[in-house]
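J.: Sharing a structure here in structure tokens format.
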Amino acid sequence: MRLNEVNRTRRRGSLVALPWALLLLSLLTGCPLAENYPDETGPRYSGDHRTAGAVSAEEPSSLTVVTFNLSFAEHVPEAITALTRPPLAGADVILMQEMDAASVDRIARELGLAYVYYPGSVAKDGDDFGNAVLSRWPITADWKINLPHDDPYRQQHRIAVVATLDIRGTPVQAVCVHNATPIVGLGARLDQAETIIDALDGKGPLQIIAGDFNTSDPGSLTQTVKLFSGRGFQWASEGVGDTVDSMIGGLPLDSVFVQGLSVEERGVDRLPAGSDHHPVWVRFAWPP
């Protein structure tokens, strides 16, 4: 059992007492320890705002996937604007990080999508902090993957969210990822990525794993791509460039990996979208 599951959990509103060592660490560093949701079953939020005729009765010719870290979901109207203009307009699947339930539901309602959302922890502003999968296609199953290696200072927990999409009878596993920051070390983040891949083993030939991998430190993106490649995944967003603007320059934090689908086109939407992250999009050929 992981450290935060023993020492700091939030299970449907109940908090477990902190050991003195972690409390002392919090006092010395000045960082309040995070409230986490390690329960594999929730909290869970879902909804379906699709309308009749939202998808064609015919087989689609392509599948467009967007990954977007909305930065604490602080600018939802700007995000909706971005998701309704080219090149993101009409995306089939949108994977979002740093979200709360109300913001996910609002975006899904505006875009006419189904969604599932799990928070992994509570952010410093008191809002839930988690990952969502929004889809133009039916979501037939979903679950949360608890990731190892919590933040050593705040003990913040990270998760991935998996949704099984039914695209004209073909199941596709879509996974929304938000790995820990570089403070945990490259080895820990590679463990997190491999935990996700292991959890999908045997779940079907069509898999999309995308999100904020926090690959800002030297060599981390190369090692992450190497890990996925070694497990049979293609780096679908290869060559799109930096995805985050920062004080030290552009950073390539967000990626899309795929198994069983062919890439037709990919890119980054660099117009204002309400976040320091730029949305990454990939269009795949369909049928696979």
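By convention in this document, the chains of the structure tokens carry letters A, B, ... by their order, each chain's residues are numbered from 1, and ligands are numbered from 1 in the order they are shown.
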Taking only C-alpha atoms into account, produce a table as a tab-separated table in which each residue of stretch 128-229 of chain A with an atom at most 6 Å from an atom of stretch 259-275 of chain A appears once, together with its shortest atom pair and the distance in Å to one decimal, ordered by chain and rising number.
T.:
```
residue	atom	partner	partner_atom	distance
A:Pro205	CA	A:Gly260	CA	5.8
A:Leu206	CA	A:Gly260	CA	4.8
A:Gln207	CA	A:Gln259	CA	5.1
```
J.: Apply DSSP to the structure's backbone, then extract all residues of stretch 138-281 of chain A labelled alpha helix (DSSP H) and return them as a ChimeraX atom specification.
T.: /A:186-200,220-230
J.: Any chance you can output those residues with N, CA and C atoms as a PDB file, in the first residue's frame?
T.:
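The file below, selection_3.pdb, is the result:
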```
ATOM      1  N   LEU A 186      12.682  11.451 -12.570  1.00  0.00           N
ATOM      2  CA  LEU A 186      12.334  10.820 -13.836  1.00  0.00           C
ATOM      3  C   LEU A 186      11.935   9.360 -13.652  1.00  0.00           C
ATOM      4  N   GLY A 187      12.672   8.639 -12.812  1.00  0.00           N
ATOM      5  CA  GLY A 187      12.354   7.231 -12.594  1.00  0.00           C
ATOM      6  C   GLY A 187      10.938   7.033 -12.084  1.00  0.00           C
ATOM      7  N   ALA A 188      10.495   7.910 -11.195  1.00  0.00           N
ATOM      8  CA  ALA A 188       9.141   7.810 -10.643  1.00  0.00           C
ATOM      9  C   ALA A 188       8.101   8.076 -11.718  1.00  0.00           C
ATOM     10  N   ARG A 189       8.353   9.061 -12.583  1.00  0.00           N
ATOM     11  CA  ARG A 189       7.387   9.362 -13.637  1.00  0.00           C
ATOM     12  C   ARG A 189       7.336   8.252 -14.681  1.00  0.00           C
ATOM     13  N   LEU A 190       8.456   7.614 -14.933  1.00  0.00           N
ATOM     14  CA  LEU A 190       8.446   6.453 -15.834  1.00  0.00           C
ATOM     15  C   LEU A 190       7.673   5.301 -15.201  1.00  0.00           C
ATOM     16  N   ASP A 191       7.786   5.144 -13.890  1.00  0.00           N
ATOM     17  CA  ASP A 191       6.977   4.140 -13.181  1.00  0.00           C
ATOM     18  C   ASP A 191       5.489   4.445 -13.347  1.00  0.00           C
ATOM     19  N   GLN A 192       5.138   5.714 -13.257  1.00  0.00           N
ATOM     20  CA  GLN A 192       3.737   6.095 -13.426  1.00  0.00           C
ATOM     21  C   GLN A 192       3.239   5.736 -14.826  1.00  0.00           C
ATOM     22  N   ALA A 193       4.054   6.036 -15.843  1.00  0.00           N
ATOM     23  CA  ALA A 193       3.660   5.713 -17.214  1.00  0.00           C
ATOM     24  C   ALA A 193       3.515   4.202 -17.407  1.00  0.00           C
ATOM     25  N   GLU A 194       4.452   3.447 -16.837  1.00  0.00           N
ATOM     26  CA  GLU A 194       4.382   1.995 -16.994  1.00  0.00           C
ATOM     27  C   GLU A 194       3.201   1.405 -16.233  1.00  0.00           C
ATOM     28  N   THR A 195       2.827   2.008 -15.114  1.00  0.00           N
ATOM     29  CA  THR A 195       1.639   1.565 -14.381  1.00  0.00           C
ATOM     30  C   THR A 195       0.398   1.672 -15.265  1.00  0.00           C
ATOM     31  N   ILE A 196       0.311   2.742 -16.040  1.00  0.00           N
ATOM     32  CA  ILE A 196      -0.825   2.924 -16.946  1.00  0.00           C
ATOM     33  C   ILE A 196      -0.814   1.875 -18.047  1.00  0.00           C
ATOM     34  N   ILE A 197       0.340   1.657 -18.640  1.00  0.00           N
ATOM     35  CA  ILE A 197       0.441   0.665 -19.714  1.00  0.00           C
ATOM     36  C   ILE A 197       0.082  -0.723 -19.189  1.00  0.00           C
ATOM     37  N   ASP A 198       0.588  -1.058 -18.010  1.00  0.00           N
ATOM     38  CA  ASP A 198       0.283  -2.366 -17.413  1.00  0.00           C
ATOM     39  C   ASP A 198      -1.212  -2.526 -17.171  1.00  0.00           C
ATOM     40  N   ALA A 199      -1.864  -1.459 -16.731  1.00  0.00           N
ATOM     41  CA  ALA A 199      -3.294  -1.533 -16.436  1.00  0.00           C
ATOM     42  C   ALA A 199      -4.129  -1.759 -17.691  1.00  0.00           C
ATOM     43  N   LEU A 200      -3.602  -1.377 -18.848  1.00  0.00           N
ATOM     44  CA  LEU A 200      -4.321  -1.553 -20.106  1.00  0.00           C
ATOM     45  C   LEU A 200      -4.001  -2.863 -20.802  1.00  0.00           C
ATOM     46  N   SER A 220      13.771  13.646 -20.250  1.00  0.00           N
ATOM     47  CA  SER A 220      12.575  12.943 -19.780  1.00  0.00           C
ATOM     48  C   SER A 220      11.627  12.593 -20.921  1.00  0.00           C
ATOM     49  N   LEU A 221      11.480  13.481 -21.898  1.00  0.00           N
ATOM     50  CA  LEU A 221      10.603  13.170 -23.025  1.00  0.00           C
ATOM     51  C   LEU A 221      11.166  12.004 -23.829  1.00  0.00           C
ATOM     52  N   THR A 222      12.473  12.027 -24.070  1.00  0.00           N
ATOM     53  CA  THR A 222      13.108  10.934 -24.815  1.00  0.00           C
ATOM     54  C   THR A 222      12.908   9.604 -24.109  1.00  0.00           C
ATOM     55  N   GLN A 223      13.074   9.593 -22.794  1.00  0.00           N
ATOM     56  CA  GLN A 223      12.928   8.344 -22.034  1.00  0.00           C
ATOM     57  C   GLN A 223      11.466   7.893 -21.991  1.00  0.00           C
ATOM     58  N   THR A 224      10.539   8.840 -21.928  1.00  0.00           N
ATOM     59  CA  THR A 224       9.113   8.491 -21.930  1.00  0.00           C
ATOM     60  C   THR A 224       8.714   7.878 -23.266  1.00  0.00           C
ATOM     61  N   VAL A 225       9.162   8.490 -24.350  1.00  0.00           N
ATOM     62  CA  VAL A 225       8.874   7.948 -25.684  1.00  0.00           C
ATOM     63  C   VAL A 225       9.495   6.565 -25.831  1.00  0.00           C
ATOM     64  N   LYS A 226      10.700   6.388 -25.336  1.00  0.00           N
ATOM     65  CA  LYS A 226      11.373   5.087 -25.408  1.00  0.00           C
ATOM     66  C   LYS A 226      10.578   4.019 -24.661  1.00  0.00           C
ATOM     67  N   LEU A 227      10.057   4.376 -23.496  1.00  0.00           N
ATOM     68  CA  LEU A 227       9.257   3.432 -22.714  1.00  0.00           C
ATOM     69  C   LEU A 227       8.014   3.002 -23.484  1.00  0.00           C
ATOM     70  N   PHE A 228       7.275   3.975 -24.008  1.00  0.00           N
ATOM     71  CA  PHE A 228       6.058   3.637 -24.746  1.00  0.00           C
ATOM     72  C   PHE A 228       6.378   2.850 -26.014  1.00  0.00           C
ATOM     73  N   SER A 229       7.426   3.238 -26.716  1.00  0.00           N
ATOM     74  CA  SER A 229       7.805   2.520 -27.932  1.00  0.00           C
ATOM     75  C   SER A 229       8.142   1.069 -27.627  1.00  0.00           C
ATOM     76  N   GLY A 230       8.832   0.858 -26.522  1.00  0.00           N
ATOM     77  CA  GLY A 230       9.192  -0.497 -26.132  1.00  0.00           C
ATOM     78  C   GLY A 230       8.003  -1.366 -25.770  1.00  0.00           C
TER      79      GLY A 230
END
```
J.: Name the closest residue to A:Gln155 among the candidates A:Gly120, A:Pro60, A:Pro288, A:Gly90; distances are taken between atoms, counting only C-alpha atoms.
T.: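 Checking each of A:Gly120, A:Pro60, A:Pro288, A:Gly90 against A:Gln155, counting only C-alpha atoms, the winner is A:Gly120.
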J.: Give me, please, the distance in Å between atom CA of A:Phe233 and atom CA of A:Ile208, quoted to one decimal.
T.: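 Distance between the two atoms: 8.9 Å.
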J.: Taking only residues of stretch 108-212 of chain A that have an atom at most 8 Å from an atom of stretch 45-51 of chain A, what is each one's shortest atom pair and its distance in Å to one decimal, using only C-alpha atoms, in chain and number order, as a tab-separated table?
T.:
```
residue	atom	partner	partner_atom	distance
A:Ala108	CA	A:His49	CA	6.4
A:Arg109	CA	A:His49	CA	5.3
A:Gly112	CA	A:Arg50	CA	4.5
A:Leu113	CA	A:Arg50	CA	4.9
A:Ala114	CA	A:Asp48	CA	3.9
A:Tyr115	CA	A:Ser46	CA	5.4
A:Val116	CA	A:Ser46	CA	4.3
A:Tyr117	CA	A:Tyr45	CA	5.1
A:Tyr118	CA	A:Tyr45	CA	6.4
A:Arg136	CA	A:Arg50	CA	7.0
```
J.: Next, the residues of the selection above should be written as an mmCIF file, in the first residue's frame with N, CA and C atoms.
T.:
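Written file, result_22.cif:
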```cif
data_model
loop_
_atom_site.group_PDB
_atom_site.id
_atom_site.type_symbol
_atom_site.label_atom_id
_atom_site.label_comp_id
_atom_site.auth_asym_id
_atom_site.auth_seq_id
_atom_site.Cartn_x
_atom_site.Cartn_y
_atom_site.Cartn_z
ATOM 1 N N ALA A 108 -18.774 19.804 -21.423
ATOM 2 C CA ALA A 108 -19.478 18.719 -22.116
ATOM 3 C C ALA A 108 -20.860 19.177 -22.585
ATOM 4 N N ARG A 109 -21.538 19.972 -21.751
ATOM 5 C CA ARG A 109 -22.877 20.463 -22.109
ATOM 6 C C ARG A 109 -22.793 21.397 -23.322
ATOM 7 N N GLY A 112 -21.883 19.248 -26.359
ATOM 8 C CA GLY A 112 -22.748 18.121 -26.656
ATOM 9 C C GLY A 112 -22.028 16.788 -26.596
ATOM 10 N N LEU A 113 -21.306 16.548 -25.499
ATOM 11 C CA LEU A 113 -20.493 15.347 -25.362
ATOM 12 C C LEU A 113 -20.877 14.561 -24.114
ATOM 13 N N ALA A 114 -20.571 13.275 -24.119
ATOM 14 C CA ALA A 114 -20.627 12.452 -22.909
ATOM 15 C C ALA A 114 -19.300 12.605 -22.176
ATOM 16 N N TYR A 115 -19.309 12.349 -20.864
ATOM 17 C CA TYR A 115 -18.050 12.487 -20.137
ATOM 18 C C TYR A 115 -18.017 11.595 -18.907
ATOM 19 N N VAL A 116 -16.789 11.350 -18.439
ATOM 20 C CA VAL A 116 -16.550 10.749 -17.130
ATOM 21 C C VAL A 116 -15.384 11.499 -16.505
ATOM 22 N N TYR A 117 -15.480 11.756 -15.203
ATOM 23 C CA TYR A 117 -14.465 12.546 -14.500
ATOM 24 C C TYR A 117 -14.202 11.938 -13.131
ATOM 25 N N TYR A 118 -12.916 11.811 -12.799
ATOM 26 C CA TYR A 118 -12.480 11.401 -11.465
ATOM 27 C C TYR A 118 -11.468 12.427 -10.952
ATOM 28 N N ARG A 136 -17.628 12.129 -28.129
ATOM 29 C CA ARG A 136 -18.790 12.195 -29.025
ATOM 30 C C ARG A 136 -19.430 10.828 -29.175
#
```
J.: Against stretch 69-75 of chain A, which residues of stretch 209-268 of chain A fall within 9 Å? For each one I want the closest pair of atoms and the distance in Å (one decimal), counting only C-alpha atoms, rows by chain and increasing residue number, as JSON lines.
T.:
```
{"residue": "A:Gly211", "atom": "CA", "partner": "A:Asn69", "partner_atom": "CA", "distance": 7.4}
{"residue": "A:Asp212", "atom": "CA", "partner": "A:Asn69", "partner_atom": "CA", "distance": 6.8}
{"residue": "A:Asp254", "atom": "CA", "partner": "A:Asn69", "partner_atom": "CA", "distance": 8.3}
```
J.: May I have the residues within 6 Å of A:Ser62 as an MDAnalysis selection string, using only C-alpha atoms and disregarding those fewer than 6 positions away in the same chain?
T.: chainID A and resid 284:286
J.: May I ask which of the residues A:Val161, A:Arg85, A:Ser216, A:His277 is the closest one to A:Asp245, counting only C-alpha atoms?
T.: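 Selected residue with least distance to A:Asp245: A:His277.
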J.: My list of candidates is A:Asp100, A:Glu35, A:Asp105, A:Asp150. Which is closest to A:Pro119 when distances are computed with only C-alpha atoms?
T.: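 Among A:Asp100, A:Glu35, A:Asp105, A:Asp150, it is A:Asp100 that comes nearest to A:Pro119.
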J.: Rounded to one decimal place, report the atom CA of A:Gln156-atom CA of A:Ala210 distance in Å.
T.: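 If I compute the distance from atom CA of A:Gln156 to atom CA of A:Ala210, I get 20.5 Å.
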J.: Can you list, as JSON, numbers by chain, all residues belonging to stretch 34-150 of chain A that DSSP tags as strand (DSSP E or B)?
T.: {"A": [36, 45, 46, 47, 48, 62, 63, 64, 65, 66, 67, 68, 69, 93, 94, 95, 96, 97, 98, 99, 114, 115, 116, 117, 118, 119, 120, 121, 122, 128, 129, 130, 131, 132, 133, 134, 135, 139, 140, 141, 142, 143, 144, 145, 146]}
J.: Counting only C-alpha atoms, which residue out of A:Asp151, A:Asp142, A:Glu110, A:Asp201 sits closest to A:Val175?
T.: A:Asp142
J.: In Å, how far is it from atom CA of A:Ala141 to atom CA of A:Ala174?
T.: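 Rounded to one decimal, the two atoms are 10.6 Å apart.
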J.: Find the residues near A:Leu111: any atom within 8 Å, counting only C-alpha atoms, skip ones fewer than 4 places away on the same chain, and give them as an NGL selection string.
T.: :A and (80 or 84 or 107)
J.: The selected residues should be written to file as a tab-separated table (two decimals), in the first residue's frame (atoms: C-alpha atoms).
T.:
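Result file follows (again06.tsv):
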```tsv
chain	number	residue	atom	x	y	z
A	80	ILE	CA	-14.92	26.39	-24.80
A	84	THR	CA	-15.30	25.16	-30.87
A	107	ILE	CA	-17.75	22.02	-21.27
```
J.: Could you tell me which of A:Met96, A:Leu63, A:Val280, A:Leu165 comes closest to A:Leu253 if we count only C-alpha atoms?
T.: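 For A:Leu253, the nearest of the candidates is A:Val280.
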